[in-house]
>>> print(open('input_12.txt').read())   # compact mmCIF, C-alpha atoms and all ligand atoms
# COMPACT_ATOMS: atom_id res chain seq x y z
CA MET F 100 -52.59 -64.79 -6.52
CA ASP F 101 -53.56 -63.47 -9.94
CA ARG F 102 -50.04 -63.52 -11.28
CA LEU F 103 -49.43 -66.99 -9.94
CA ILE F 104 -52.57 -68.20 -11.64
CA ASP F 105 -51.43 -66.62 -14.90
CA LEU F 106 -48.23 -68.58 -14.63
CA THR F 107 -49.69 -71.84 -13.51
CA SER F 108 -52.21 -71.81 -16.32
CA ALA F 109 -49.26 -72.31 -18.64
CA ILE F 110 -49.47 -75.82 -19.91
CA THR F 111 -46.10 -76.09 -21.56
CA ARG F 112 -42.58 -74.78 -21.36
CA ARG F 113 -43.46 -72.08 -23.87
CA GLY F 114 -46.48 -71.20 -21.84
CA PHE F 115 -44.16 -70.84 -18.93
CA ALA F 116 -41.94 -68.56 -20.95
CA ILE F 117 -44.94 -66.40 -21.76
CA GLY F 118 -46.00 -66.38 -18.12
CA ALA F 119 -42.48 -65.56 -17.07
CA ALA F 120 -42.35 -62.77 -19.64
CA LEU F 121 -45.48 -61.33 -18.10
CA ALA F 122 -43.75 -61.54 -14.77
CA GLY F 123 -40.92 -59.43 -16.15
CA THR F 124 -38.37 -62.01 -17.13
CA SER F 125 -37.93 -65.14 -19.09
CA MET F 126 -36.32 -68.46 -18.32
CA LEU F 127 -36.85 -69.87 -21.75
CA LEU F 128 -37.09 -67.27 -24.44
CA PRO F 129 -34.12 -67.45 -26.80
CA ARG F 130 -30.94 -67.71 -24.85
CA THR F 131 -27.58 -66.39 -25.77
CA GLY F 132 -25.18 -68.28 -27.97
CA ALA F 133 -25.70 -70.88 -30.60
CA THR F 134 -26.25 -74.40 -29.49
CA ALA F 135 -23.62 -76.75 -30.80
CA ALA F 136 -25.19 -78.78 -33.58
CA ARG F 137 -26.24 -82.05 -32.08
CA GLN F 138 -25.46 -84.43 -34.87
CA ALA F 139 -26.13 -88.05 -35.45
CA GLU F 140 -22.68 -89.54 -35.98
CA ASP F 141 -22.83 -91.50 -32.71
CA PHE F 142 -25.79 -93.43 -34.00
CA GLY F 143 -24.34 -94.48 -37.35
CA SER F 144 -23.25 -97.93 -36.26
CA LEU F 145 -26.61 -98.93 -34.84
CA ASP F 146 -28.39 -99.48 -38.11
CA LEU F 147 -31.61 -97.95 -36.82
CA PRO F 148 -34.46 -97.04 -39.11
CA THR F 149 -34.09 -93.33 -39.72
CA LEU F 150 -36.40 -90.40 -40.38
CA ASP F 151 -34.83 -87.26 -41.84
CA ILE F 152 -37.20 -84.40 -41.20
CA ILE F 153 -37.13 -80.72 -42.09
CA VAL F 154 -38.86 -78.58 -39.47
CA LEU F 155 -40.64 -75.76 -41.22
CA HIS F 156 -42.42 -72.81 -39.69
CA ASP F 157 -45.82 -74.41 -40.23
CA GLY F 158 -45.13 -78.14 -40.35
CA TYR F 159 -42.78 -80.93 -41.36
CA ASP F 160 -41.17 -82.20 -44.54
CA GLY F 161 -40.12 -85.82 -44.81
CA LEU F 162 -42.57 -87.35 -42.37
CA PRO F 163 -44.27 -90.46 -43.80
CA ASP F 164 -47.97 -91.17 -43.21
CA SER F 165 -47.25 -94.63 -41.87
CA ILE F 166 -44.22 -96.48 -40.47
CA ALA F 167 -43.51 -99.79 -38.73
CA ALA F 168 -43.19 -99.82 -34.93
CA GLY F 169 -39.57 -99.53 -33.85
CA ARG F 170 -36.69 -97.60 -32.37
CA TYR F 171 -36.03 -94.69 -34.71
CA LEU F 172 -33.20 -92.30 -35.30
CA ILE F 173 -34.87 -88.96 -35.95
CA ASN F 174 -32.64 -86.37 -37.61
CA ILE F 175 -34.09 -82.90 -37.87
CA THR F 176 -32.94 -79.78 -39.62
CA CYS F 177 -34.73 -76.57 -38.80
CA ASP F 178 -35.55 -74.37 -41.74
CA ALA F 179 -34.20 -70.83 -41.47
CA GLY F 180 -37.81 -69.64 -41.26
CA VAL F 181 -38.67 -71.20 -37.89
CA GLU F 182 -38.95 -68.94 -34.88
CA GLY F 183 -36.32 -69.82 -32.33
CA ASP F 184 -35.77 -73.29 -30.97
CA GLU F 185 -38.31 -75.57 -32.68
CA GLY F 186 -38.53 -79.28 -33.22
CA ILE F 187 -40.55 -82.42 -33.36
CA ALA F 188 -41.99 -84.65 -30.65
CA PHE F 189 -44.22 -87.71 -30.76
CA THR F 190 -47.31 -88.14 -28.61
CA ARG F 191 -49.85 -90.98 -28.68
CA PRO F 192 -53.27 -90.02 -27.35
CA PRO F 193 -54.80 -92.13 -24.56
CA ALA F 194 -56.59 -95.31 -25.60
CA GLY F 195 -59.96 -94.53 -27.09
CA MET F 196 -59.15 -90.91 -27.85
CA THR F 197 -58.51 -89.68 -31.37
CA ALA F 198 -55.64 -87.38 -32.21
CA GLU F 199 -58.14 -84.67 -33.07
CA ALA F 200 -59.89 -84.98 -29.71
CA PHE F 201 -56.56 -84.95 -27.89
CA LEU F 202 -55.40 -81.79 -29.67
CA THR F 203 -58.75 -80.14 -29.01
CA ALA F 204 -58.48 -81.00 -25.32
CA LEU F 205 -55.06 -79.36 -25.15
CA ALA F 206 -55.84 -76.37 -27.32
CA PRO F 207 -55.01 -73.10 -25.61
CA PRO F 208 -57.78 -70.54 -25.24
CA THR F 209 -57.83 -68.12 -28.14
CA MET F 210 -58.20 -64.39 -27.97
CA ALA F 211 -61.38 -64.70 -29.99
CA SER F 212 -63.03 -67.22 -27.69
CA PRO F 213 -61.17 -67.47 -24.42
CA ALA F 214 -63.96 -69.47 -22.82
CA ALA F 215 -64.38 -71.97 -25.63
CA SER F 216 -61.33 -74.02 -24.76
CA PRO F 217 -61.45 -77.02 -22.45
CA VAL F 218 -58.29 -75.65 -20.86
CA ALA F 219 -60.07 -72.43 -20.05
CA ASP F 220 -62.83 -74.51 -18.50
CA ALA F 221 -60.41 -76.47 -16.38
CA GLY F 222 -60.88 -74.21 -13.41
CA PRO F 223 -58.80 -71.92 -11.24
CA GLY F 224 -55.07 -72.38 -11.59
CA GLY F 225 -55.40 -73.68 -15.12
CA ALA F 226 -55.52 -77.37 -14.26
CA SER F 227 -54.18 -79.31 -17.20
CA PRO F 228 -56.45 -81.71 -19.07
CA ALA F 229 -56.28 -85.29 -17.83
CA ALA F 230 -55.47 -86.54 -21.33
CA MET F 231 -52.02 -84.97 -21.02
CA TYR F 232 -51.18 -87.42 -18.25
CA GLN F 233 -52.79 -90.44 -19.90
CA ALA F 234 -51.08 -89.99 -23.26
CA THR F 235 -47.80 -91.65 -24.22
CA TRP F 236 -45.04 -89.14 -24.86
CA ALA F 237 -42.09 -90.66 -26.70
CA GLY F 238 -39.75 -87.65 -26.61
CA GLY F 239 -38.34 -85.48 -29.35
CA THR F 240 -35.70 -82.98 -30.23
CA SER F 241 -35.36 -79.36 -31.27
CA ALA F 242 -32.84 -77.06 -32.91
CA LEU F 243 -32.29 -73.42 -33.70
CA PRO F 244 -33.10 -72.05 -37.19
CA GLY F 245 -30.68 -73.47 -39.76
CA GLU F 246 -29.31 -76.07 -37.34
CA SER F 247 -29.71 -79.82 -36.92
CA SER F 248 -30.20 -82.25 -34.09
CA SER F 249 -31.00 -85.90 -33.52
CA VAL F 250 -32.80 -88.17 -31.11
CA VAL F 251 -33.38 -91.89 -30.87
CA LEU F 252 -36.83 -92.79 -29.57
CA ASP F 253 -39.35 -95.62 -29.58
CA LEU F 254 -42.58 -95.55 -31.55
CA THR F 255 -45.04 -98.30 -30.66
CA GLU F 256 -48.16 -99.35 -32.50
CA GLY F 257 -50.89 -96.74 -32.70
CA GLU F 258 -51.85 -93.33 -34.00
CA TRP F 259 -49.20 -90.78 -33.05
CA ILE F 260 -49.15 -87.02 -33.27
CA ALA F 261 -45.92 -85.50 -34.57
CA TRP F 262 -45.87 -81.93 -33.40
CA GLY F 263 -43.87 -79.29 -31.60
CA ASP F 264 -44.59 -80.81 -28.15
CA ASP F 265 -46.71 -77.81 -27.44
CA PRO F 266 -50.23 -76.70 -28.45
CA GLU F 267 -48.87 -73.26 -29.26
CA SER F 268 -46.18 -74.42 -31.67
CA THR F 269 -46.51 -73.04 -35.16
CA GLN F 270 -46.05 -76.46 -36.75
CA VAL F 271 -49.39 -77.97 -37.69
CA PRO F 272 -49.54 -81.40 -35.98
CA THR F 273 -49.21 -84.36 -38.33
CA ILE F 274 -50.81 -87.73 -37.66
CA LEU F 275 -48.47 -90.68 -38.06
CA SER F 276 -49.76 -94.22 -38.15
CA VAL F 277 -47.39 -96.72 -36.52
CA THR F 278 -48.11 -100.34 -37.29
CA GLY F 279 -47.00 -103.76 -36.10
CA THR F 280 -45.26 -105.00 -32.99
CA PHE F 281 -42.31 -103.17 -31.47
CA PRO F 282 -39.22 -105.31 -32.19
CA ALA F 283 -37.87 -107.24 -29.20
CA ASP F 284 -34.31 -106.85 -30.46
CA ALA F 285 -34.18 -103.07 -30.95
CA PRO F 286 -30.53 -102.09 -30.40
CA GLU F 287 -29.76 -99.85 -27.41
CA PRO F 288 -27.44 -96.92 -28.10
CA ALA F 289 -24.38 -96.92 -25.82
CA ALA F 290 -24.97 -93.87 -23.62
CA ASP F 291 -22.32 -92.66 -21.18
CA ILE F 292 -24.53 -90.16 -19.35
CA THR F 293 -28.05 -90.80 -18.02
CA ALA F 294 -30.75 -88.34 -17.06
CA THR F 295 -33.43 -89.95 -14.92
CA PHE F 296 -36.77 -88.35 -14.11
CA ILE F 297 -38.94 -89.08 -11.11
CA ASP F 298 -41.80 -86.95 -9.76
CA PHE F 299 -40.29 -84.33 -9.24
CA GLU F 300 -36.55 -84.68 -9.50
CA ILE F 301 -33.91 -85.02 -12.21
CA THR F 302 -30.68 -86.89 -11.63
CA ILE F 303 -27.73 -86.68 -14.02
CA ASP F 304 -25.18 -89.50 -13.76
CA GLY F 305 -22.24 -90.67 -15.77
CA ASN F 306 -19.13 -89.40 -17.48
CA LEU F 307 -19.51 -85.67 -16.83
CA VAL F 308 -16.39 -84.44 -18.62
CA ALA F 309 -16.16 -81.97 -21.50
CA GLY F 310 -16.66 -83.51 -24.92
CA ASP F 311 -19.19 -85.35 -27.02
CA HIS F 312 -21.54 -87.73 -25.26
CA LEU F 313 -24.63 -89.76 -25.77
CA LEU F 314 -27.23 -88.96 -23.15
CA LYS F 315 -29.91 -91.47 -22.27
CA VAL F 316 -33.10 -89.92 -20.92
CA GLU F 317 -35.49 -92.13 -18.98
CA ASN F 318 -38.65 -91.35 -17.10
CA THR F 319 -39.49 -93.51 -14.12
CA GLY F 320 -41.93 -90.97 -12.69
CA ALA F 321 -45.69 -91.11 -13.07
CA GLN F 322 -46.03 -87.76 -14.84
CA PRO F 323 -44.53 -86.78 -18.18
CA HIS F 324 -41.26 -84.87 -17.94
CA LEU F 325 -38.89 -83.02 -20.23
CA LEU F 326 -35.31 -81.87 -20.00
CA TYR F 327 -33.63 -78.56 -20.62
CA LEU F 328 -29.87 -78.74 -20.18
CA ASP F 329 -28.07 -75.43 -19.97
CA ARG F 330 -24.54 -74.32 -19.31
CA TYR F 331 -24.06 -71.40 -16.97
CA ILE F 332 -22.08 -68.66 -18.72
CA GLY F 333 -22.70 -65.83 -16.25
CA SER F 334 -20.06 -64.15 -14.16
CA GLY F 335 -21.35 -65.29 -10.78
CA THR F 336 -22.13 -68.75 -9.56
CA LEU F 337 -25.00 -71.07 -10.23
CA ASP F 338 -26.02 -73.57 -7.59
CA ASP F 339 -29.22 -75.33 -6.57
CA GLU F 340 -30.10 -72.51 -4.24
CA SER F 341 -29.63 -69.65 -6.72
CA LEU F 342 -31.52 -71.59 -9.38
CA ALA F 343 -34.41 -72.13 -6.97
CA THR F 344 -34.32 -68.42 -6.15
CA ALA F 345 -34.39 -67.52 -9.85
CA LEU F 346 -37.38 -69.78 -10.46
CA GLU F 347 -39.22 -68.27 -7.53
CA ALA F 348 -38.41 -64.81 -8.87
CA ALA F 349 -39.70 -65.77 -12.31
CA MET F 350 -42.92 -66.96 -10.73
CA SER F 351 -43.46 -64.00 -8.43
CA GLY F 352 -42.15 -61.26 -10.71
CA ALA F 353 -39.36 -60.42 -8.28
CA ASP F 354 -35.89 -59.41 -9.48
CA MET F 355 -33.58 -62.19 -10.55
CA PRO F 356 -30.78 -63.02 -8.11
CA GLU F 357 -27.39 -61.41 -8.78
CA GLY F 358 -25.43 -63.26 -11.45
CA LEU F 359 -28.32 -65.22 -12.89
CA ASN F 360 -30.16 -63.61 -15.76
CA PRO F 361 -31.62 -66.55 -17.69
CA GLU F 362 -31.64 -64.53 -20.91
CA THR F 363 -27.90 -63.95 -20.90
CA ASP F 364 -26.38 -66.38 -18.42
CA LEU F 365 -27.70 -69.73 -19.66
CA GLU F 366 -26.73 -71.36 -22.93
CA SER F 367 -28.54 -74.41 -24.20
CA ALA F 368 -26.54 -77.63 -23.98
CA GLY F 369 -29.35 -79.97 -24.97
CA VAL F 370 -33.09 -80.50 -25.03
CA ALA F 371 -35.08 -83.71 -24.62
CA LEU F 372 -38.76 -83.17 -25.26
CA THR F 373 -41.56 -84.73 -23.25
CA GLN F 374 -41.43 -88.38 -22.24
CA SER F 375 -43.94 -90.34 -20.21
CA ILE F 376 -43.36 -93.13 -17.72
CA GLY F 377 -41.36 -96.08 -18.97
CA THR F 378 -40.01 -94.33 -22.06
CA MET F 379 -36.37 -93.87 -23.05
CA SER F 380 -34.71 -91.62 -25.57
CA TRP F 381 -31.12 -90.85 -26.48
CA ILE F 382 -29.68 -87.52 -27.54
CA PRO F 383 -26.11 -86.54 -28.51
CA VAL F 384 -24.77 -83.71 -26.38
CA SER F 385 -21.58 -81.71 -26.69
CA LEU F 386 -20.59 -80.61 -23.22
CA GLN F 387 -18.13 -77.91 -22.25
CA ALA F 388 -16.55 -77.67 -18.83
CA GLY F 389 -18.56 -75.66 -16.36
CA THR F 390 -21.67 -75.52 -14.23
CA HIS F 391 -24.88 -76.80 -15.81
CA SER F 392 -28.53 -76.87 -14.93
CA ALA F 393 -31.16 -79.46 -15.80
CA ILE F 394 -34.76 -78.32 -15.53
CA CYS F 395 -38.22 -79.73 -16.30
CA PHE F 396 -41.07 -77.36 -17.10
CA PHE F 397 -43.85 -79.85 -17.75
CA PRO F 398 -47.01 -78.74 -15.95
CA ALA F 399 -48.05 -80.73 -12.91
CA ALA F 400 -51.28 -82.68 -12.88
CA GLY F 401 -53.97 -80.89 -10.93
CA THR F 402 -52.31 -77.49 -10.60
CA GLY F 403 -50.65 -76.85 -13.96
CA LEU F 404 -47.63 -75.61 -12.04
CA PRO F 405 -44.44 -76.24 -14.04
CA HIS F 406 -42.45 -79.00 -12.37
CA ALA F 407 -39.49 -76.64 -12.04
CA PHE F 408 -41.44 -74.82 -9.35
CA MET F 409 -41.91 -78.09 -7.48
CA GLY F 410 -38.18 -78.64 -7.21
CA MET F 411 -37.61 -80.43 -10.51
CA HIS F 412 -34.23 -78.94 -11.28
CA THR F 413 -30.63 -79.75 -10.52
CA VAL F 414 -27.20 -78.20 -10.95
CA PHE F 415 -24.17 -80.26 -11.89
CA GLU F 416 -20.55 -79.75 -12.90
CA VAL F 417 -18.85 -80.80 -16.10
CA THR F 418 -15.07 -81.07 -15.72
CA GLU F 419 -12.30 -80.56 -18.31
CU CU S 501 -41.20 -82.86 -14.92
>>> encode(input="input_12.txt", output="structure tokens")
Amino acid sequence: MDRLIDLTSAITRRGFAIGAALAGTSMLLPRTGATAARQAEDFGSLDLPTLDIIVLHDGYDGLPDSIAAGRYLINITCDAGVEGDEGIAFTRPPAGMTAEAFLTALAPPTMASPAASPVADAGPGGASPAAMYQATWAGGTSALPGESSSVVLDLTEGEWIAWGDDPESTQVPTILSVTGTFPADAPEPAADITATFIDFEITIDGNLVAGDHLLKVENTGAQPHLLYLDRYIGSGTLDDESLATALEAAMSGADMPEGLNPETDLESAGVALTQSIGTMSWIPVSLQAGTHSAICFFPAAGTGLPHAFMGMHTVFEVTE
């Protein structure tokens, strides 16, 4: 069970990648091919308030200290100095908890003081801190170094943390004060594909043909969820069964199934960072024809087991 506990102590997707790397493979370390730039042109007509943010290795440029509550278009450009796929996400700590206390609760154990972290104290299996499940996660977006992406998401009144959606991100979290009442007439972007989360399934519905789309991501589950969309570019076949087998192999350290090496056979088609129940976000995606997977790696309450290992993945086809 030791290896399983190593893996389940991962509290984020990147933690999972580290755990998977220990197990001899990686589902999430940099994948082959450049992601098509996910640009904002679809959102131009909506007249949304906009934040243009540069993601740096150690933080963010262009993020104000305080903004009015609302539905925001967030455009990011990743500086060439970031490591891999990095971005920005927005998380509001549970009522009564400061941003500092929230970040401390989620801080990973350090090499210097592995026992000093609340996560390390959480018990066998690396149970995730309760605050993770009580916080509001509004979503976010990421991009490769030198590339851009966009997301529309809702920021309600309160003290938010803008960060990399992950305690181990290199970006220093920034506190963002959001004031006033969320507008009742916030315009809804016209999505033609929807990704819906429940505990623990993802469904992808809509106009699944090659081309540019606007994807609406909504969470109707109790736990926070996130979305990794990938196109299968291997020479075999990807289906629900082989994906489940690959995830099991990543967890157990077994060999990957024939025709599915996540490092070479999956190419990112889109990322929607963590959202909690009742939240919506919208991301532009550029789909090519082929077989795709949608996976959530958020850690489950109680066990810390990434949702992917609880069946939270699906395979779908995009046609010409
Ligand atoms: Cu999930």
>>> residues_around(input="input_12.txt", residues="F:Pro266", least_positions_apart="2", cutoff="8 Å", atoms="all atoms listed in the file", output="ChimeraX atom specification")
/F:202,205-207,263-264,268
>>> write_last_selection(input="input_12.txt", atoms="C-alpha atoms", output="mmCIF file, in the coordinates of the input")
data_model
loop_
_atom_site.group_PDB
_atom_site.id
_atom_site.type_symbol
_atom_site.label_atom_id
_atom_site.label_comp_id
_atom_site.auth_asym_id
_atom_site.auth_seq_id
_atom_site.Cartn_x
_atom_site.Cartn_y
_atom_site.Cartn_z
ATOM 1 C CA LEU F 202 -55.400 -81.790 -29.670
ATOM 2 C CA LEU F 205 -55.060 -79.360 -25.150
ATOM 3 C CA ALA F 206 -55.840 -76.370 -27.320
ATOM 4 C CA PRO F 207 -55.010 -73.100 -25.610
ATOM 5 C CA GLY F 263 -43.870 -79.290 -31.600
ATOM 6 C CA ASP F 264 -44.590 -80.810 -28.150
ATOM 7 C CA SER F 268 -46.180 -74.420 -31.670
#
>>> closest_residue(input="input_12.txt", among="F:Met379, F:Leu307, F:Leu254, F:Val277", to="F:Thr319", atoms="all atoms listed in the file")
F:Met379
>>> residues_near_ligand(input="input_12.txt", ligand="ligand CU 501 (chain S)", cutoff="9 Å", atoms="all atoms listed in the file", output="number ranges by chain")
F: 296-301, 320, 322-326, 373, 394-399, 405-407, 409, 411-412
>>> write_last_selection(input="input_12.txt", atoms="C-alpha atoms", output="PDB file, in the coordinates of the input")
ATOM      1  CA  PHE F 296     -36.770 -88.350 -14.110  1.00  0.00           C
ATOM      2  CA  ILE F 297     -38.940 -89.080 -11.110  1.00  0.00           C
ATOM      3  CA  ASP F 298     -41.800 -86.950  -9.760  1.00  0.00           C
ATOM      4  CA  PHE F 299     -40.290 -84.330  -9.240  1.00  0.00           C
ATOM      5  CA  GLU F 300     -36.550 -84.680  -9.500  1.00  0.00           C
ATOM      6  CA  ILE F 301     -33.910 -85.020 -12.210  1.00  0.00           C
ATOM      7  CA  GLY F 320     -41.930 -90.970 -12.690  1.00  0.00           C
ATOM      8  CA  GLN F 322     -46.030 -87.760 -14.840  1.00  0.00           C
ATOM      9  CA  PRO F 323     -44.530 -86.780 -18.180  1.00  0.00           C
ATOM     10  CA  HIS F 324     -41.260 -84.870 -17.940  1.00  0.00           C
ATOM     11  CA  LEU F 325     -38.890 -83.020 -20.230  1.00  0.00           C
ATOM     12  CA  LEU F 326     -35.310 -81.870 -20.000  1.00  0.00           C
ATOM     13  CA  THR F 373     -41.560 -84.730 -23.250  1.00  0.00           C
ATOM     14  CA  ILE F 394     -34.760 -78.320 -15.530  1.00  0.00           C
ATOM     15  CA  CYS F 395     -38.220 -79.730 -16.300  1.00  0.00           C
ATOM     16  CA  PHE F 396     -41.070 -77.360 -17.100  1.00  0.00           C
ATOM     17  CA  PHE F 397     -43.850 -79.850 -17.750  1.00  0.00           C
ATOM     18  CA  PRO F 398     -47.010 -78.740 -15.950  1.00  0.00           C
ATOM     19  CA  ALA F 399     -48.050 -80.730 -12.910  1.00  0.00           C
ATOM     20  CA  PRO F 405     -44.440 -76.240 -14.040  1.00  0.00           C
ATOM     21  CA  HIS F 406     -42.450 -79.000 -12.370  1.00  0.00           C
ATOM     22  CA  ALA F 407     -39.490 -76.640 -12.040  1.00  0.00           C
ATOM     23  CA  MET F 409     -41.910 -78.090  -7.480  1.00  0.00           C
ATOM     24  CA  MET F 411     -37.610 -80.430 -10.510  1.00  0.00           C
ATOM     25  CA  HIS F 412     -34.230 -78.940 -11.280  1.00  0.00           C
TER      26      HIS F 412
END
>>> atom_distance(input="input_12.txt", atom1="atom CA of F:Ala179", atom2="atom CA of F:Leu372")
20.9 Å
>>> closest_residue(input="input_12.txt", among="F:Pro383, F:Glu267, F:Gln233, F:Leu346", to="F:Ile173", atoms="all atoms listed in the file")
F:Pro383
>>> atom_distance(input="input_12.txt", atom1="atom CA of F:Pro361", atom2="atom CA of F:Ser385")
20.3 Å
>>> atom_distance(input="input_12.txt", atom1="atom CA of F:Phe189", atom2="atom CA of F:Val154")
13.7 Å
>>> axis_aligned_box(input="input_12.txt", around="stretch 169-181 of chain F", padding_each_side="6 Å", output="JSON")
{"center_x": -36.1, "center_y": -84.6, "center_z": -37.1, "size_x": 18.9, "size_y": 41.9, "size_z": 21.4}
>>> closest_residue(input="input_12.txt", among="F:Gly238, F:Leu313, F:Ala393, F:Pro356", to="F:Glu340", atoms="only C-alpha atoms")
F:Pro356
>>> residues_around(input="input_12.txt", residues="F:Thr378", least_positions_apart="6", cutoff="7 Å", atoms="only C-alpha atoms", output="PDB file with C-alpha atoms, in the coordinates of the input")
ATOM      1  CA  ALA F 237     -42.090 -90.660 -26.700  1.00  0.00           C
ATOM      2  CA  GLU F 317     -35.490 -92.130 -18.980  1.00  0.00           C
ATOM      3  CA  ASN F 318     -38.650 -91.350 -17.100  1.00  0.00           C
TER       4      ASN F 318
END
>>> closest_residue(input="input_12.txt", among="F:Ser144, F:Thr278, F:Thr390, F:Ser351", to="F:Asp339", atoms="only C-alpha atoms")
F:Thr390
>>> closest_residue(input="input_12.txt", among="F:Ala348, F:Leu386, F:Ala400, F:Leu155", to="F:Glu182", atoms="only C-alpha atoms")
F:Leu155
>>> closest_residue(input="input_12.txt", among="F:Ser165, F:Ser247, F:Asn174, F:Gln374", to="F:Ser276", atoms="all atoms listed in the file")
F:Ser165
>>> residues_around(input="input_12.txt", residues="F:Pro288", least_positions_apart="3", cutoff="9 Å", atoms="all atoms listed in the file", output="list in words")
Asp141, Phe142, Leu145, Val251, Leu313, Lys315 and Trp381 of chain F
>>> residues_around(input="input_12.txt", residues="F:Ala371", least_positions_apart="5", cutoff="8 Å", atoms="all atoms listed in the file", output="list in words")
Gly238, Gly239, Thr240, Ser241, Val316, Leu325, Leu326, Tyr327, Ser380 and Ile382 of chain F
